[in-house]
file final10.cif (mmCIF, C-alpha atoms)
data_my_file
loop_
_atom_site.label_atom_id
_atom_site.label_comp_id
_atom_site.auth_asym_id
_atom_site.auth_seq_id
_atom_site.Cartn_x
_atom_site.Cartn_y
_atom_site.Cartn_z
CA MET A 5 60.70 -72.45 -9.92
CA PRO A 6 63.57 -72.37 -7.48
CA GLU A 7 62.37 -75.57 -5.77
CA THR A 8 62.52 -77.57 -9.00
CA GLY A 9 64.54 -80.71 -8.54
CA TRP A 10 64.87 -80.30 -4.78
CA SER A 11 63.99 -83.10 -2.43
CA LEU A 12 65.00 -83.69 1.17
CA HIS A 13 68.07 -85.92 1.51
CA PRO A 14 66.94 -89.40 2.64
CA GLN A 15 69.19 -89.38 5.71
CA LEU A 16 67.78 -86.05 6.89
CA GLU A 17 64.28 -87.40 6.21
CA ASN A 18 65.07 -90.50 8.25
CA ASP A 19 66.68 -88.70 11.21
CA THR A 20 64.19 -85.87 11.70
CA THR A 21 60.54 -84.88 12.04
CA PRO A 22 59.16 -82.09 9.83
CA VAL A 23 58.09 -78.88 11.56
CA GLY A 24 57.07 -76.78 8.55
CA ASP A 25 58.29 -74.68 5.63
CA LEU A 26 59.59 -71.12 5.80
CA PRO A 27 59.95 -69.16 2.53
CA LEU A 28 63.37 -70.74 1.87
CA CYS A 29 63.91 -73.59 4.30
CA ARG A 30 62.23 -76.75 5.40
CA VAL A 31 62.40 -76.79 9.20
CA LEU A 32 63.06 -80.17 10.82
CA ALA A 33 63.39 -81.27 14.44
CA ILE A 34 65.67 -83.96 15.84
CA ASP A 35 64.23 -85.95 18.73
CA ASP A 36 66.91 -85.57 21.38
CA ALA A 37 66.01 -85.67 25.06
CA ASP A 38 68.96 -83.50 26.11
CA TYR A 39 69.35 -81.01 23.26
CA PRO A 40 66.31 -79.37 21.61
CA TRP A 41 67.50 -79.38 18.04
CA LEU A 42 66.23 -77.82 14.80
CA VAL A 43 67.62 -78.23 11.29
CA LEU A 44 66.99 -75.76 8.44
CA VAL A 45 67.31 -77.04 4.87
CA PRO A 46 67.10 -74.57 1.97
CA ARG A 47 64.74 -76.00 -0.67
CA ARG A 48 67.22 -75.49 -3.49
CA ALA A 49 68.61 -78.33 -5.56
CA GLY A 50 72.32 -79.08 -5.59
CA ILE A 51 73.40 -76.68 -2.85
CA VAL A 52 76.27 -77.90 -0.63
CA GLU A 53 77.91 -74.77 0.81
CA ILE A 54 76.35 -71.54 2.10
CA ALA A 55 78.45 -69.82 -0.58
CA ASP A 56 76.57 -71.81 -3.27
CA LEU A 57 73.35 -69.90 -2.52
CA SER A 58 72.39 -66.79 -4.48
CA ASP A 59 72.80 -63.55 -2.54
CA ALA A 60 69.04 -63.31 -2.14
CA ASP A 61 68.75 -66.86 -0.83
CA ALA A 62 71.72 -66.36 1.52
CA GLY A 63 69.93 -63.31 2.95
CA LEU A 64 66.74 -65.36 3.38
CA LEU A 65 68.69 -68.16 5.06
CA MET A 66 70.15 -65.71 7.57
CA ARG A 67 66.72 -64.27 8.36
CA GLU A 68 65.33 -67.76 8.86
CA ILE A 69 68.28 -68.76 11.08
CA ALA A 70 67.60 -65.67 13.22
CA LEU A 71 63.87 -66.42 13.38
CA ALA A 72 64.35 -70.09 14.28
CA SER A 73 66.99 -69.06 16.84
CA ARG A 74 64.61 -66.64 18.54
CA VAL A 75 61.82 -69.21 18.61
CA LEU A 76 64.07 -72.00 19.93
CA LYS A 77 65.44 -69.70 22.62
CA ALA A 78 61.95 -68.54 23.63
CA VAL A 79 60.60 -72.09 23.74
CA THR A 80 63.51 -73.64 25.64
CA ARG A 81 64.89 -70.68 27.65
CA CYS A 82 68.33 -72.09 26.87
CA ASP A 83 71.59 -70.40 27.84
CA LYS A 84 73.15 -70.51 24.37
CA LEU A 85 72.37 -71.45 20.80
CA ASN A 86 74.86 -73.43 18.73
CA VAL A 87 74.48 -72.91 14.99
CA ALA A 88 76.40 -74.85 12.35
CA ALA A 89 76.52 -75.87 8.70
CA ILE A 90 78.82 -78.92 8.63
CA GLY A 91 77.69 -81.42 5.99
CA ASN A 92 80.62 -83.82 6.20
CA ILE A 93 78.19 -86.77 6.19
CA VAL A 94 75.08 -85.42 4.45
CA PRO A 95 76.21 -83.05 1.69
CA GLN A 96 72.84 -81.33 1.15
CA LEU A 97 73.21 -77.90 2.82
CA HIS A 98 71.54 -77.96 6.24
CA VAL A 99 71.96 -75.72 9.26
CA HIS A 100 71.76 -77.08 12.80
CA ILE A 101 70.38 -74.88 15.58
CA VAL A 102 70.79 -76.53 18.97
CA ALA A 103 69.72 -75.28 22.40
CA ARG A 104 72.39 -75.61 25.06
CA TRP A 105 72.63 -75.07 28.80
CA ALA A 106 75.72 -74.51 30.90
CA THR A 107 74.45 -77.45 32.97
CA ASP A 108 73.89 -79.92 30.11
CA PRO A 109 75.90 -83.17 29.94
CA LEU A 110 78.25 -82.07 27.14
CA TRP A 111 78.75 -78.40 27.96
CA PRO A 112 80.89 -76.63 26.72
CA LYS A 113 81.54 -79.10 23.89
CA PRO A 114 79.36 -78.88 20.79
CA VAL A 115 77.01 -81.82 20.16
CA TRP A 116 78.27 -82.66 16.66
CA GLY A 117 80.45 -85.72 16.61
CA HIS A 118 80.01 -86.12 20.37
CA VAL A 119 76.52 -87.53 20.81
CA ALA A 120 74.04 -89.67 18.99
CA PRO A 121 70.60 -88.19 19.63
CA ARG A 122 68.82 -89.92 22.50
CA PRO A 123 65.07 -89.94 21.75
CA GLY A 124 62.92 -88.57 24.54
CA ASN A 125 59.28 -88.66 25.55
CA ASN A 126 56.98 -88.76 22.49
CA ALA A 127 54.38 -86.42 23.92
CA LEU A 128 57.00 -83.87 24.93
CA PHE A 129 58.58 -83.99 21.48
CA ALA A 130 55.18 -83.53 19.81
CA ARG A 131 54.47 -80.56 22.06
CA PHE A 132 57.92 -79.10 21.30
CA ILE A 133 57.24 -79.34 17.56
CA ALA A 134 53.80 -77.78 17.89
CA THR A 135 55.18 -74.89 19.97
CA VAL A 136 58.04 -74.24 17.55
CA ARG A 137 55.66 -74.42 14.58
CA LYS A 138 53.41 -71.81 16.18
CA GLY A 139 56.43 -69.59 16.91
CA LEU A 140 57.57 -69.74 13.28
CA GLU A 141 54.20 -68.63 11.90
CA PRO A 142 54.01 -65.04 10.63
CA SER A 143 52.80 -62.91 13.52
CA GLN A 144 49.10 -62.07 13.34
CA SER A 145 49.32 -58.39 14.08
CA PRO A 146 45.94 -56.61 13.90
CA MET B 19 78.98 -45.38 15.57
CA PRO B 20 78.12 -49.06 15.51
CA GLU B 21 81.64 -50.05 16.58
CA THR B 22 81.44 -47.97 19.76
CA GLY B 23 82.31 -50.05 22.78
CA TRP B 24 83.43 -53.07 20.77
CA SER B 25 86.77 -54.71 21.36
CA LEU B 26 87.99 -58.15 20.46
CA HIS B 27 87.53 -60.68 23.28
CA PRO B 28 90.95 -61.34 24.91
CA GLN B 29 90.76 -65.09 24.33
CA LEU B 30 90.08 -64.62 20.61
CA GLU B 31 92.92 -62.10 20.50
CA ASN B 32 95.22 -64.59 22.19
CA ASP B 33 94.27 -67.61 20.05
CA THR B 34 94.32 -66.00 16.60
CA THR B 35 96.22 -63.81 14.14
CA PRO B 36 94.43 -60.86 12.52
CA VAL B 37 93.83 -61.03 8.77
CA GLY B 38 91.91 -57.79 8.23
CA ASP B 39 88.57 -56.02 8.58
CA LEU B 40 85.53 -56.46 6.33
CA PRO B 41 82.69 -53.91 6.60
CA LEU B 42 81.17 -55.79 9.56
CA CYS B 43 83.64 -58.39 10.75
CA ARG B 44 87.19 -58.63 11.93
CA VAL B 45 88.71 -61.64 10.16
CA LEU B 46 91.08 -63.78 12.21
CA ALA B 47 93.09 -66.91 11.41
CA ILE B 48 93.89 -69.80 13.74
CA ASP B 49 97.30 -71.39 13.22
CA ASP B 50 96.42 -75.05 12.76
CA ALA B 51 98.62 -77.30 10.63
CA ASP B 52 95.76 -79.65 9.71
CA TYR B 53 92.76 -77.36 9.37
CA PRO B 54 93.00 -73.95 7.67
CA TRP B 55 90.73 -71.96 9.93
CA LEU B 56 89.21 -68.48 9.79
CA VAL B 57 87.09 -66.74 12.41
CA LEU B 58 84.74 -63.81 11.67
CA VAL B 59 83.85 -61.48 14.55
CA PRO B 60 81.20 -58.78 13.99
CA ARG B 61 82.53 -55.48 15.39
CA ARG B 62 79.39 -54.83 17.42
CA ALA B 63 79.42 -54.53 21.20
CA GLY B 64 77.47 -56.96 23.36
CA ILE B 65 76.40 -59.40 20.63
CA VAL B 66 76.23 -63.05 21.68
CA GLU B 67 73.79 -64.74 19.26
CA ILE B 68 73.31 -64.27 15.51
CA ALA B 69 69.73 -63.31 16.41
CA ASP B 70 71.08 -60.36 18.46
CA LEU B 71 72.29 -58.61 15.28
CA SER B 72 70.13 -56.08 13.48
CA ASP B 73 68.62 -57.35 10.21
CA ALA B 74 71.11 -55.23 8.25
CA ASP B 75 74.08 -56.58 10.20
CA ALA B 76 72.82 -60.17 9.90
CA GLY B 77 72.67 -59.68 6.13
CA LEU B 78 76.21 -58.29 6.14
CA LEU B 79 77.41 -61.21 8.26
CA MET B 80 75.97 -63.69 5.78
CA ARG B 81 77.63 -61.93 2.84
CA GLU B 82 80.96 -61.93 4.69
CA ILE B 83 80.59 -65.63 5.59
CA ALA B 84 79.97 -66.38 1.89
CA LEU B 85 82.96 -64.26 0.81
CA ALA B 86 85.34 -65.77 3.37
CA SER B 87 84.05 -69.25 2.44
CA ARG B 88 84.78 -68.69 -1.26
CA VAL B 89 88.25 -67.36 -0.50
CA LEU B 90 89.09 -70.18 1.91
CA LYS B 91 87.87 -72.76 -0.59
CA ALA B 92 89.85 -71.18 -3.43
CA VAL B 93 93.02 -70.91 -1.33
CA THR B 94 92.89 -74.42 0.13
CA ARG B 95 90.98 -76.40 -2.52
CA CYS B 96 89.30 -78.19 0.37
CA ASP B 97 86.52 -80.74 -0.03
CA LYS B 98 84.11 -79.09 2.42
CA LEU B 99 83.71 -76.02 4.57
CA ASN B 100 82.47 -76.28 8.13
CA VAL B 101 80.81 -73.12 9.42
CA ALA B 102 79.68 -72.60 13.01
CA ALA B 103 78.72 -70.05 15.64
CA ILE B 104 79.11 -71.88 18.96
CA GLY B 105 80.31 -69.53 21.68
CA ASN B 106 80.01 -71.87 24.65
CA ILE B 107 83.43 -70.77 25.88
CA VAL B 108 83.90 -67.26 24.41
CA PRO B 109 80.51 -65.55 24.43
CA GLN B 110 81.39 -62.74 21.96
CA LEU B 111 79.68 -63.76 18.69
CA HIS B 112 82.24 -65.33 16.35
CA VAL B 113 81.82 -67.58 13.34
CA HIS B 114 84.30 -70.34 12.55
CA ILE B 115 84.98 -71.27 8.91
CA VAL B 116 87.17 -74.34 8.67
CA ALA B 117 88.53 -76.09 5.57
CA ARG B 118 88.11 -79.87 5.64
CA TRP B 119 89.19 -82.78 3.50
CA ALA B 120 87.70 -86.27 3.33
CA THR B 121 91.26 -87.46 4.03
CA ASP B 122 91.98 -85.28 7.08
CA PRO B 123 92.64 -86.89 10.49
CA LEU B 124 89.25 -86.07 12.02
CA TRP B 125 86.93 -86.50 9.04
CA PRO B 126 83.90 -86.64 9.19
CA LYS B 127 83.86 -85.26 12.74
CA PRO B 128 83.84 -81.49 13.19
CA VAL B 129 86.95 -79.94 14.74
CA TRP B 130 85.21 -78.18 17.63
CA GLY B 131 85.69 -79.96 20.92
CA HIS B 132 87.79 -82.62 19.17
CA VAL B 133 91.14 -80.95 18.55
CA ALA B 134 93.34 -78.32 20.04
CA PRO B 135 94.94 -76.40 17.17
CA ARG B 136 98.40 -77.71 16.33
CA PRO B 137 100.55 -74.79 15.13
CA GLY B 138 102.26 -75.37 11.80
CA ASN B 139 105.10 -73.85 9.84
CA ASN B 140 105.37 -70.07 10.47
CA ALA B 141 106.18 -69.18 6.88
CA LEU B 142 103.30 -71.25 5.53
CA PHE B 143 100.90 -69.63 7.99
CA ALA B 144 102.12 -66.15 7.04
CA ARG B 145 101.65 -66.99 3.35
CA PHE B 146 98.17 -68.37 4.08
CA ILE B 147 97.18 -65.13 5.82
CA ALA B 148 98.58 -62.99 3.01
CA THR B 149 96.73 -65.02 0.38
CA VAL B 150 93.44 -64.90 2.26
CA ARG B 151 93.85 -61.14 2.85
CA LYS B 152 94.35 -60.57 -0.86
CA GLY B 153 91.29 -62.71 -1.65
CA LEU B 154 89.12 -60.69 0.73
CA GLU B 155 90.01 -57.35 -0.86
CA PRO B 156 87.34 -55.76 -3.05
CA SER B 157 87.97 -56.89 -6.61
CA GLN B 158 89.71 -54.30 -8.75
CA SER B 159 87.45 -54.46 -11.78
CA PRO B 160 88.39 -51.95 -14.50
#

call {"tool": "encode", "arguments": {"input": "final10.cif", "output": "structure tokens"}}
result
Amino acid sequence: MPETGWSLHPQLENDTTPVGDLPLCRVLAIDDADYPWLVLVPRRAGIVEIADLSDADAGLLMREIALASRVLKAVTRCDKLNVAAIGNIVPQLHVHIVARWATDPLWPKPVWGHVAPRPGNNALFARFIATVRKGLEPSQSP
Amino acid sequence: MPETGWSLHPQLENDTTPVGDLPLCRVLAIDDADYPWLVLVPRRAGIVEIADLSDADAGLLMREIALASRVLKAVTRCDKLNVAAIGNIVPQLHVHIVARWATDPLWPKPVWGHVAPRPGNNALFARFIATVRKGLEPSQSP
């Protein structure tokens, strides 16, 4: 089983709230009042770089990045998505997808290395997670 | 033809040196003495987000990110690759792939929004581009 030996890195577990699992990735949300922020983590043990994934898993990751991007854009109506795999602190491969506005405090700088997430309203964050989760579900076409 | 109407954004053209074309992306290099730095630009008109690409092109982009990552890692022997599609300043979709070391000046911060590229030695940069170009060529298996 491809998931054998995989577990979420403790720092990612500590810093995020789970949204759900796609075929490849665990989807997490970071509670930041200014920047709606998802993190995708492929459930594959020992993967650090995108180039460490099999071709099939890399294809899946791209499809899940595109899906999560569309959902985050639809939910937030943001101006731009910022997508990155950095991993200088937490080596387990994880992909950030962050919603940005041309009017947000940091624009046009990226968030990474510039802000520590500032937790927002609990009820709003819970609603955000529920809305994203619903958006990520396979569409129920008749 | 998918490339119809596409041209490289003038700011990317100004800030980079061309390395070559992969099936989907133009590969560019940024002359930075501290951070070996490639940029992949899908040759598709009007694309801003990864999620704007067709499924086939998104798959191609991921394969080309993985290829360029492997080549950049092999050429630089870096500790970590940082990969990002930001586009807050230049909206044309472009993916940064940057080689990082745990000993480099900015580590563990990402480069984006933290440094302006500091041009290095011309001959070293030319050799870097030639080596990367060779690495990106289809392998000549017998």

call {"tool": "atom_distance", "arguments": {"input": "final10.cif", "atom1": "atom CA of A:Ala78", "atom2": "atom CA of B:Ile68"}}
result
14.6 Å

call {"tool": "closest_residue", "arguments": {"input": "final10.cif", "among": "B:Pro20, B:Pro28, B:Pro54, B:Pro156", "to": "B:His114", "atoms": "only C-alpha atoms"}}
result
B:Pro54

call {"tool": "interface_residues", "arguments": {"input": "final10.cif", "of": "chain B", "to": "chain A", "cutoff": "8 Å", "atoms": "all atoms listed in the file", "output": "JSON, numbers by chain"}}
result
{"B": [67, 68, 69, 73, 76, 77, 80, 81, 83, 84, 85, 87, 88, 98, 99, 100, 101, 102, 103, 104, 105, 106, 107, 125, 126, 127, 128, 130, 131]}

call {"tool": "resolve_selection", "arguments": {"input": "final10.cif", "expression": "the PyMOL selection byres ((chain B and resi 51) around 10)", "output": "PyMOL selection string"}}
result
chain B and resi 48-50+52-55+135-140+142-143

call {"tool": "axis_aligned_box", "arguments": {"input": "final10.cif", "around": "stretch 62-75 of chain B", "padding_each_side": "8 Å", "output": "JSON"}}
result
{"center_x": 74.0, "center_y": -59.6, "center_z": 15.8, "size_x": 26.8, "size_y": 26.2, "size_z": 31.1}

call {"tool": "atom_distance", "arguments": {"input": "final10.cif", "atom1": "atom CA of A:Arg48", "atom2": "atom CA of A:Leu28"}}
result
8.1 Å

call {"tool": "atom_distance", "arguments": {"input": "final10.cif", "atom1": "atom CA of B:Ala63", "atom2": "atom CA of B:Ile147"}}
result
25.8 Å

call {"tool": "resolve_selection", "arguments": {"input": "final10.cif", "expression": "the PyMOL selection byres ((chain B and resi 31) around 12)", "output": "number ranges by chain"}}
result
B: 25-30, 32-37, 44-48, 57, 59, 108, 110, 112

call {"tool": "resolve_selection", "arguments": {"input": "final10.cif", "expression": "the PyMOL selection byres ((chain A and resi 137) around 10)", "output": "PDB file with C-alpha atoms, keeping the file's coordinate frame"}}
result
ATOM      1  CA  PRO A  22      59.160 -82.090   9.830  1.00  0.00           C
ATOM      2  CA  VAL A  23      58.090 -78.880  11.560  1.00  0.00           C
ATOM      3  CA  GLY A  24      57.070 -76.780   8.550  1.00  0.00           C
ATOM      4  CA  ASP A  25      58.290 -74.680   5.630  1.00  0.00           C
ATOM      5  CA  VAL A  31      62.400 -76.790   9.200  1.00  0.00           C
ATOM      6  CA  ALA A  72      64.350 -70.090  14.280  1.00  0.00           C
ATOM      7  CA  VAL A  75      61.820 -69.210  18.610  1.00  0.00           C
ATOM      8  CA  ARG A 131      54.470 -80.560  22.060  1.00  0.00           C
ATOM      9  CA  PHE A 132      57.920 -79.100  21.300  1.00  0.00           C
ATOM     10  CA  ILE A 133      57.240 -79.340  17.560  1.00  0.00           C
ATOM     11  CA  ALA A 134      53.800 -77.780  17.890  1.00  0.00           C
ATOM     12  CA  THR A 135      55.180 -74.890  19.970  1.00  0.00           C
ATOM     13  CA  VAL A 136      58.040 -74.240  17.550  1.00  0.00           C
ATOM     14  CA  LYS A 138      53.410 -71.810  16.180  1.00  0.00           C
ATOM     15  CA  GLY A 139      56.430 -69.590  16.910  1.00  0.00           C
ATOM     16  CA  LEU A 140      57.570 -69.740  13.280  1.00  0.00           C
ATOM     17  CA  GLU A 141      54.200 -68.630  11.900  1.00  0.00           C
TER      18      GLU A 141
END

call {"tool": "decode", "arguments": {"input": "final10.cif", "residues": "stretch 108-119 of chain A", "atoms": "N, CA and C atoms", "output": "PDB file, in the first residue's frame"}}
result
ATOM      1  N   ASP A 108      -4.408  43.186   0.086  1.00  0.00           N
ATOM      2  CA  ASP A 108      -4.075  42.588   1.397  1.00  0.00           C
ATOM      3  C   ASP A 108      -2.784  43.199   1.945  1.00  0.00           C
ATOM      4  N   PRO A 109      -2.554  43.038   3.266  1.00  0.00           N
ATOM      5  CA  PRO A 109      -1.458  43.783   3.917  1.00  0.00           C
ATOM      6  C   PRO A 109      -0.074  43.545   3.299  1.00  0.00           C
ATOM      7  N   LEU A 110       0.182  42.362   2.784  1.00  0.00           N
ATOM      8  CA  LEU A 110       1.527  42.030   2.305  1.00  0.00           C
ATOM      9  C   LEU A 110       1.724  42.201   0.802  1.00  0.00           C
ATOM     10  N   TRP A 111       0.631  42.318   0.085  1.00  0.00           N
ATOM     11  CA  TRP A 111       0.702  42.351  -1.382  1.00  0.00           C
ATOM     12  C   TRP A 111       1.761  43.348  -1.863  1.00  0.00           C
ATOM     13  N   PRO A 112       2.640  43.040  -2.857  1.00  0.00           N
ATOM     14  CA  PRO A 112       2.658  41.799  -3.647  1.00  0.00           C
ATOM     15  C   PRO A 112       3.614  40.746  -3.092  1.00  0.00           C
ATOM     16  N   LYS A 113       4.122  40.934  -1.887  1.00  0.00           N
ATOM     17  CA  LYS A 113       5.055  39.930  -1.347  1.00  0.00           C
ATOM     18  C   LYS A 113       4.340  38.612  -1.063  1.00  0.00           C
ATOM     19  N   PRO A 114       5.054  37.505  -1.189  1.00  0.00           N
ATOM     20  CA  PRO A 114       4.460  36.227  -0.770  1.00  0.00           C
ATOM     21  C   PRO A 114       4.372  36.186   0.759  1.00  0.00           C
ATOM     22  N   VAL A 115       3.562  35.297   1.289  1.00  0.00           N
ATOM     23  CA  VAL A 115       3.414  35.208   2.750  1.00  0.00           C
ATOM     24  C   VAL A 115       4.600  34.509   3.423  1.00  0.00           C
ATOM     25  N   TRP A 116       5.251  33.588   2.701  1.00  0.00           N
ATOM     26  CA  TRP A 116       6.229  32.706   3.345  1.00  0.00           C
ATOM     27  C   TRP A 116       7.450  33.481   3.795  1.00  0.00           C
ATOM     28  N   GLY A 117       7.757  33.338   5.079  1.00  0.00           N
ATOM     29  CA  GLY A 117       8.894  34.047   5.630  1.00  0.00           C
ATOM     30  C   GLY A 117       8.571  35.491   5.972  1.00  0.00           C
ATOM     31  N   HIS A 118       7.341  35.924   5.694  1.00  0.00           N
ATOM     32  CA  HIS A 118       6.981  37.321   5.965  1.00  0.00           C
ATOM     33  C   HIS A 118       5.966  37.463   7.094  1.00  0.00           C
ATOM     34  N   VAL A 119       5.119  36.463   7.256  1.00  0.00           N
ATOM     35  CA  VAL A 119       4.112  36.548   8.322  1.00  0.00           C
ATOM     36  C   VAL A 119       4.065  35.257   9.125  1.00  0.00           C
TER      37      VAL A 119
END
